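Notes to accompany the following structure.
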Amino acid sequence: MLNKKTEDQIQIKGKRILVRCDFNVPLKGGVITDDTRIRAALPTIRKLSGDGGKVILCSHLGKVKNGPNPGESLAAVAVRLEELLGKKVTFVDNDNVTGPETTAVVNAMQEGDIVLLQNTRFRGADETKNGEGFSKELADLADSFVCDAFGSAHRAHASVVGVTKFISEKGGDNAVGYLMEKEINFLGNAVENPKRPFVAILGGAKIADKLNVISNLLEKCDTLIIGGGMAYTFLKAKGYEIGKSLLDETKIDYCREMMEKAEKLGKTLLLPVDAVTTESFPDPIDAKVKTKNFAADEIPADRMGMDIGPKTIKLFSKAIKNAKTVVWNGPMGVFENPQLAKGTKAVAEAMAETDAVTVIGGGDSAAAVNQLGFADKMSHISTGGGASLEFLEGKELPGVVAADDMPAEA
Ligand code: AMP
């Protein structure tokens with residue numbers, strides 16, 4: 001269904017191939033605490049190197065607010081990558097990313113060699129504002145470009161989008177890599193061509209971040225489940241008192257509209273029927289708390305809903321068990337606290353137990369599924385939180401749009 005050129009359709013042997021990866025991994029004191037994103041990039045790197053390409057990898061890491069710094073260097077990624085590949089990875093420790101030092105390393109590459117450039121965000125606005133100069137410098141290093149950074153595909157940055165124009169100008173190919181292909185096919189099939197019933201589950205704190213996702217998924221799914229902090233604005237819109245629970249006053253009308261839309265379309269919109277409440281937000285977040293359960297329409301004025309309650313767990317789990325496709329984004333409660341993680345865990349468990357196609361939309365829900373050890377029970381766990389949300393909104397991702405269209409005869 002992906003109508004874009006893939007890495008299987010480009011010339012590889014002897015060619016310099018620039019690959020945009022998403023190596024934005026969590027680092028603690030220089031140590032990578034989760035290498036999922038590096039592992040996810042391996043099939044593309046192995047293929048390009050194995051087929052005799054000269055593989056030039058690039059990525060961002062972190063937000064890089066204060067210019068180049070060792071804490072956001074990709075050096076640790078190069079080491080981990082080398083271990084995982086069992087093959088030498090040459091790290092070009094050049095804060096400018098491109099320039100004579102980098103060009104010299106690339107010029108010395110043999111077929112199959114792998115080079116990793118420094119953090120593209122070390123170039124500041126050159127990268128994040130899709131600067132033409134930096135885009136061309138990157139393109140000058142290579143013959144063709146493969147974008148495999150699904151987690152960055154929603155950003156029109158130089159190393160994701162800008163570079164493709166200059167690769168095209170010199171007659172090179174702009175393809176998507178295996179990870180991009182897999183992500184788009186899983187997310188795309190789940191939303192556009194789902195086996196039904198299709199149940200979509202949304203959670204997390206901020207409803208404002210997910211307005212378009214709610215609206216788009218309501219059109220595509222059979223049942224939309226809403227949990228987490230964002231559910232309370234819906235409950236308020238139903239006329240319930242929600243105590244001190246999270247509320248976005250400005251979105252009450254929107255929630256009403258969505259409930260009407262669900263009814264008009266004949267879709268089931270499931271909201272929490274009970275809540276695990278506390279007196280205040282735990283500080284620190286994993287501090288021991290005194291919890292008390294209440295029906296969703298009986299939350300006392302001085303308490304806040306922090307997780308879905310046992311009746312809601314049953315309701316949501318039943319819908320998940322009857323589904324043939326389930327897509328999930330966002331926790332059901334303040335899952336960082338073990339006492340408030342039961343709802344999130346129950347959803348993950350119900351998904352792990354079904355034979356349905358199960359897709360986890362990155363971010364917190366992916367972290368929860370990994371932590372709980374259910375990762376291998378899911379059909380697909382997206383590596384991109386923001387990107388998968390934009391995908392679920394039905395938006396086109398700039399990093400995908402920028403790739404060459406599939407040749408007509410293919
Ligand atoms: P988001 O970034 O919008 O996906 O939200 C994720 C965050 O939502 C997590 O850090 C959770 O702790 C938080 N969250 C989930 N449920 C609630 C709730 N009922 N009240 C406050 N925060 C919540």
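Every chain in the structure tokens takes a letter, A first, then B, and so on in the order presented; its residues are numbered from 1, and the ligands are numbered from 1 following the presented order.
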Leaving out stretch 312-315 of chain A and any residue of its chain fewer than 4 positions from it, which residues lie within 10 Å of it when counting only C-alpha atoms, given as a ChimeraX atom specification? /A:225,227,270-275,295-296,307-308,319-320,332,342-347,350
Which residues are close to stretch 250-254 of chain A, i.e. within 12 Å by only C-alpha atoms, leaving aside same-chain residues fewer than 3 positions away? Reply as a PDB file with C-alpha atoms, in the first residue's frame.
```
ATOM      1  CA  LYS A 206      -3.474  16.264  27.316  1.00  0.00           C
ATOM      2  CA  ILE A 207      -6.643  16.173  25.272  1.00  0.00           C
ATOM      3  CA  ALA A 208      -5.466  19.241  23.320  1.00  0.00           C
ATOM      4  CA  ASP A 209      -2.678  17.122  21.765  1.00  0.00           C
ATOM      5  CA  LYS A 210      -5.142  14.553  20.500  1.00  0.00           C
ATOM      6  CA  LEU A 211      -8.100  16.504  19.133  1.00  0.00           C
ATOM      7  CA  ASN A 212      -7.560  15.472  15.524  1.00  0.00           C
ATOM      8  CA  ILE A 214      -9.983  11.534  18.331  1.00  0.00           C
ATOM      9  CA  SER A 215     -11.932  12.929  15.419  1.00  0.00           C
ATOM     10  CA  MET A 230      -8.117  13.259  29.025  1.00  0.00           C
ATOM     11  CA  ALA A 231     -11.222  11.213  29.866  1.00  0.00           C
ATOM     12  CA  TYR A 232     -12.215  13.651  32.632  1.00  0.00           C
ATOM     13  CA  THR A 233     -12.975  16.489  30.231  1.00  0.00           C
ATOM     14  CA  PHE A 234     -15.366  14.066  28.489  1.00  0.00           C
ATOM     15  CA  LEU A 235     -16.937  13.129  31.838  1.00  0.00           C
ATOM     16  CA  LYS A 236     -17.326  16.828  32.645  1.00  0.00           C
ATOM     17  CA  ALA A 237     -18.984  17.319  29.259  1.00  0.00           C
ATOM     18  CA  LYS A 238     -21.478  14.610  30.249  1.00  0.00           C
ATOM     19  CA  GLY A 239     -22.354  16.781  33.237  1.00  0.00           C
ATOM     20  CA  TYR A 240     -20.458  14.738  35.851  1.00  0.00           C
ATOM     21  CA  LEU A 246      -7.475  16.912  35.151  1.00  0.00           C
ATOM     22  CA  LEU A 247      -9.756  19.221  33.156  1.00  0.00           C
ATOM     23  CA  GLU A 257     -19.170  17.458  19.746  1.00  0.00           C
ATOM     24  CA  MET A 258     -17.201  14.210  19.654  1.00  0.00           C
ATOM     25  CA  MET A 259     -19.865  12.390  21.668  1.00  0.00           C
ATOM     26  CA  GLU A 260     -22.492  13.644  19.214  1.00  0.00           C
ATOM     27  CA  LYS A 261     -20.302  12.638  16.288  1.00  0.00           C
TER      28      LYS A 261
END
```
Filtered DSSP result for stretch 93-273 of chain A, state helix (DSSP H, G or I), as a VMD selection string: chain A and resid 100 to 107 120 to 123 125 to 128 132 to 140 150 to 152 158 to 169 178 to 192 207 to 220 231 to 237 249 to 265
Show me which residues line ligand 1, defined as having an atom within 6 Å of a ligand atom where only C-alpha atoms and all ligand atoms count, and present them as a PDB file with C-alpha atoms, in the first residue's frame.
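Everything below was put into part_35.pdb:
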```
ATOM      1  CA  GLY A 204      -2.594  10.282  28.350  1.00  0.00           C
ATOM      2  CA  ALA A 205      -2.901  13.663  29.962  1.00  0.00           C
ATOM      3  CA  LYS A 206      -3.474  16.264  27.316  1.00  0.00           C
ATOM      4  CA  GLY A 228      -6.245   8.592  31.189  1.00  0.00           C
ATOM      5  CA  GLY A 229      -6.399  12.224  32.254  1.00  0.00           C
ATOM      6  CA  LEU A 246      -7.475  16.912  35.151  1.00  0.00           C
ATOM      7  CA  GLY A 305      -9.067  10.588  39.240  1.00  0.00           C
ATOM      8  CA  MET A 306      -5.657   9.052  38.615  1.00  0.00           C
ATOM      9  CA  ASP A 307      -6.415   5.706  36.989  1.00  0.00           C
ATOM     10  CA  GLY A 330      -1.503   6.827  25.786  1.00  0.00           C
ATOM     11  CA  PRO A 331      -1.627   5.435  29.339  1.00  0.00           C
ATOM     12  CA  MET A 332      -4.893   4.904  31.244  1.00  0.00           C
ATOM     13  CA  GLY A 333      -3.561   6.581  34.391  1.00  0.00           C
ATOM     14  CA  VAL A 334      -0.484   7.944  36.114  1.00  0.00           C
ATOM     15  CA  PHE A 335       1.321   4.709  35.292  1.00  0.00           C
ATOM     16  CA  GLU A 336       4.672   6.011  36.557  1.00  0.00           C
TER      17      GLU A 336
END
```
Which polymer residues have any atom within 8 Å of an atom of A:Lys324, counting only C-alpha atoms, with same-chain residues fewer than 3 positions away left out, as a PyMOL selection string? chain A and resi 194-199+355-357
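Going from atom CA of A:Asp93 to atom CA of A:Ala40 covers 23.2 Å.
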Selection near A:Ser144, 7 Å with only C-alpha atoms, sequence-local residues under 6 positions removed, as a list in words: Arg16, Ile17, Leu18, Ile167, Gly172, Asp173 and Asn174 of chain A
At what distance in Å, to one decimal, does atom CA of A:Cys21 lie from atom CA of A:Met180?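 Answer for the atom CA of A:Met180 to atom CA of A:Cys21 separation: 9.8 Å.
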Close residues, A:Val326 itself excluded, 12 Å, only C-alpha atoms, min 3 positions apart in chain, as a ChimeraX atom specification: /A:186-187,189-191,194-202,217,220-225,316-317,319-323,329,347-348,350-361,378-381
As a list of chain:residue names, list the residues of stretch 171-257 of chain A assigned to strand (DSSP E or B) by DSSP on the backbone atoms of this structure. A:Asn174, A:Ala175, A:Val176, A:Phe198, A:Val199, A:Ala200, A:Ile201, A:Leu202, A:Thr223, A:Leu224, A:Ile225, A:Ile226
For the residues in that selection, give me N, CA, C and O atoms as an mmCIF file, in the first residue's frame.
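Listed below is the output, result.cif:
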```cif
data_model
loop_
_atom_site.group_PDB
_atom_site.id
_atom_site.type_symbol
_atom_site.label_atom_id
_atom_site.label_comp_id
_atom_site.auth_asym_id
_atom_site.auth_seq_id
_atom_site.Cartn_x
_atom_site.Cartn_y
_atom_site.Cartn_z
ATOM 1 N N ASN A 174 15.721 8.756 -3.641
ATOM 2 C CA ASN A 174 15.274 8.981 -2.269
ATOM 3 C C ASN A 174 14.274 7.890 -1.923
ATOM 4 O O ASN A 174 13.157 7.883 -2.444
ATOM 5 N N ALA A 175 14.703 6.965 -1.070
ATOM 6 C CA ALA A 175 13.851 5.808 -0.768
ATOM 7 C C ALA A 175 13.501 5.786 0.716
ATOM 8 O O ALA A 175 14.113 6.485 1.519
ATOM 9 N N VAL A 176 12.505 4.965 1.055
ATOM 10 C CA VAL A 176 12.244 4.716 2.479
ATOM 11 C C VAL A 176 12.867 3.365 2.843
ATOM 12 O O VAL A 176 12.967 2.473 2.001
ATOM 13 N N PHE A 198 -12.794 -2.931 14.945
ATOM 14 C CA PHE A 198 -11.569 -2.160 15.165
ATOM 15 C C PHE A 198 -11.777 -1.280 16.401
ATOM 16 O O PHE A 198 -12.660 -0.438 16.422
ATOM 17 N N VAL A 199 -10.961 -1.549 17.417
ATOM 18 C CA VAL A 199 -11.045 -0.774 18.660
ATOM 19 C C VAL A 199 -9.813 0.123 18.782
ATOM 20 O O VAL A 199 -8.683 -0.368 18.695
ATOM 21 N N ALA A 200 -10.027 1.411 18.932
ATOM 22 C CA ALA A 200 -8.908 2.346 19.145
ATOM 23 C C ALA A 200 -8.960 2.815 20.596
ATOM 24 O O ALA A 200 -10.043 3.082 21.131
ATOM 25 N N ILE A 201 -7.796 2.872 21.233
ATOM 26 C CA ILE A 201 -7.734 3.268 22.648
ATOM 27 C C ILE A 201 -6.832 4.485 22.776
ATOM 28 O O ILE A 201 -5.674 4.460 22.338
ATOM 29 N N LEU A 202 -7.350 5.529 23.378
ATOM 30 C CA LEU A 202 -6.536 6.733 23.597
ATOM 31 C C LEU A 202 -6.487 7.060 25.080
ATOM 32 O O LEU A 202 -7.485 6.939 25.792
ATOM 33 N N THR A 223 -15.148 1.084 17.779
ATOM 34 C CA THR A 223 -15.249 1.495 19.179
ATOM 35 C C THR A 223 -14.044 2.354 19.538
ATOM 36 O O THR A 223 -12.909 1.958 19.259
ATOM 37 N N LEU A 224 -14.297 3.506 20.117
ATOM 38 C CA LEU A 224 -13.195 4.345 20.607
ATOM 39 C C LEU A 224 -13.242 4.347 22.131
ATOM 40 O O LEU A 224 -14.267 4.683 22.729
ATOM 41 N N ILE A 225 -12.134 3.941 22.738
ATOM 42 C CA ILE A 225 -12.020 3.910 24.195
ATOM 43 C C ILE A 225 -11.190 5.110 24.620
ATOM 44 O O ILE A 225 -10.104 5.336 24.079
ATOM 45 N N ILE A 226 -11.683 5.869 25.581
ATOM 46 C CA ILE A 226 -10.888 6.992 26.084
ATOM 47 C C ILE A 226 -10.660 6.832 27.576
ATOM 48 O O ILE A 226 -11.605 6.690 28.360
#
```
Restricting to only C-alpha atoms, whichever of A:Lys182, A:Lys288, A:Lys54, A:Lys63 is closest to A:Arg123 is A:Lys63
Give me the residues within 9 Å of A:Ile32 as a list of chain:residue names, counting only C-alpha atoms and dropping any in the same chain fewer than 3 places off. A:Val25, A:Pro26, A:Leu27, A:Lys28, A:Gly29, A:Asp35, A:Ala76, A:Val77, A:Arg80
Would you mind telling me which residue in A:Ala301, A:Ile38, A:Leu81, A:Val19 lies nearest to A:Gly53 when using only C-alpha atoms? A:Val19
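In this model, the gap between atom CA of A:Thr278 and atom CA of A:Pro300 comes to 10.3 Å.
Here the question is which of A:Asn66, A:Ser59, A:Asn96, A:Thr291 gets nearest to A:His157 using only C-alpha atoms, and that residue is A:Ser59.
Of the residues listed (A:Leu141, A:Cys255, A:Val79, A:Leu218), A:Leu141 shows the shortest atom-to-atom separation from A:Glu101; distances use only C-alpha atoms.
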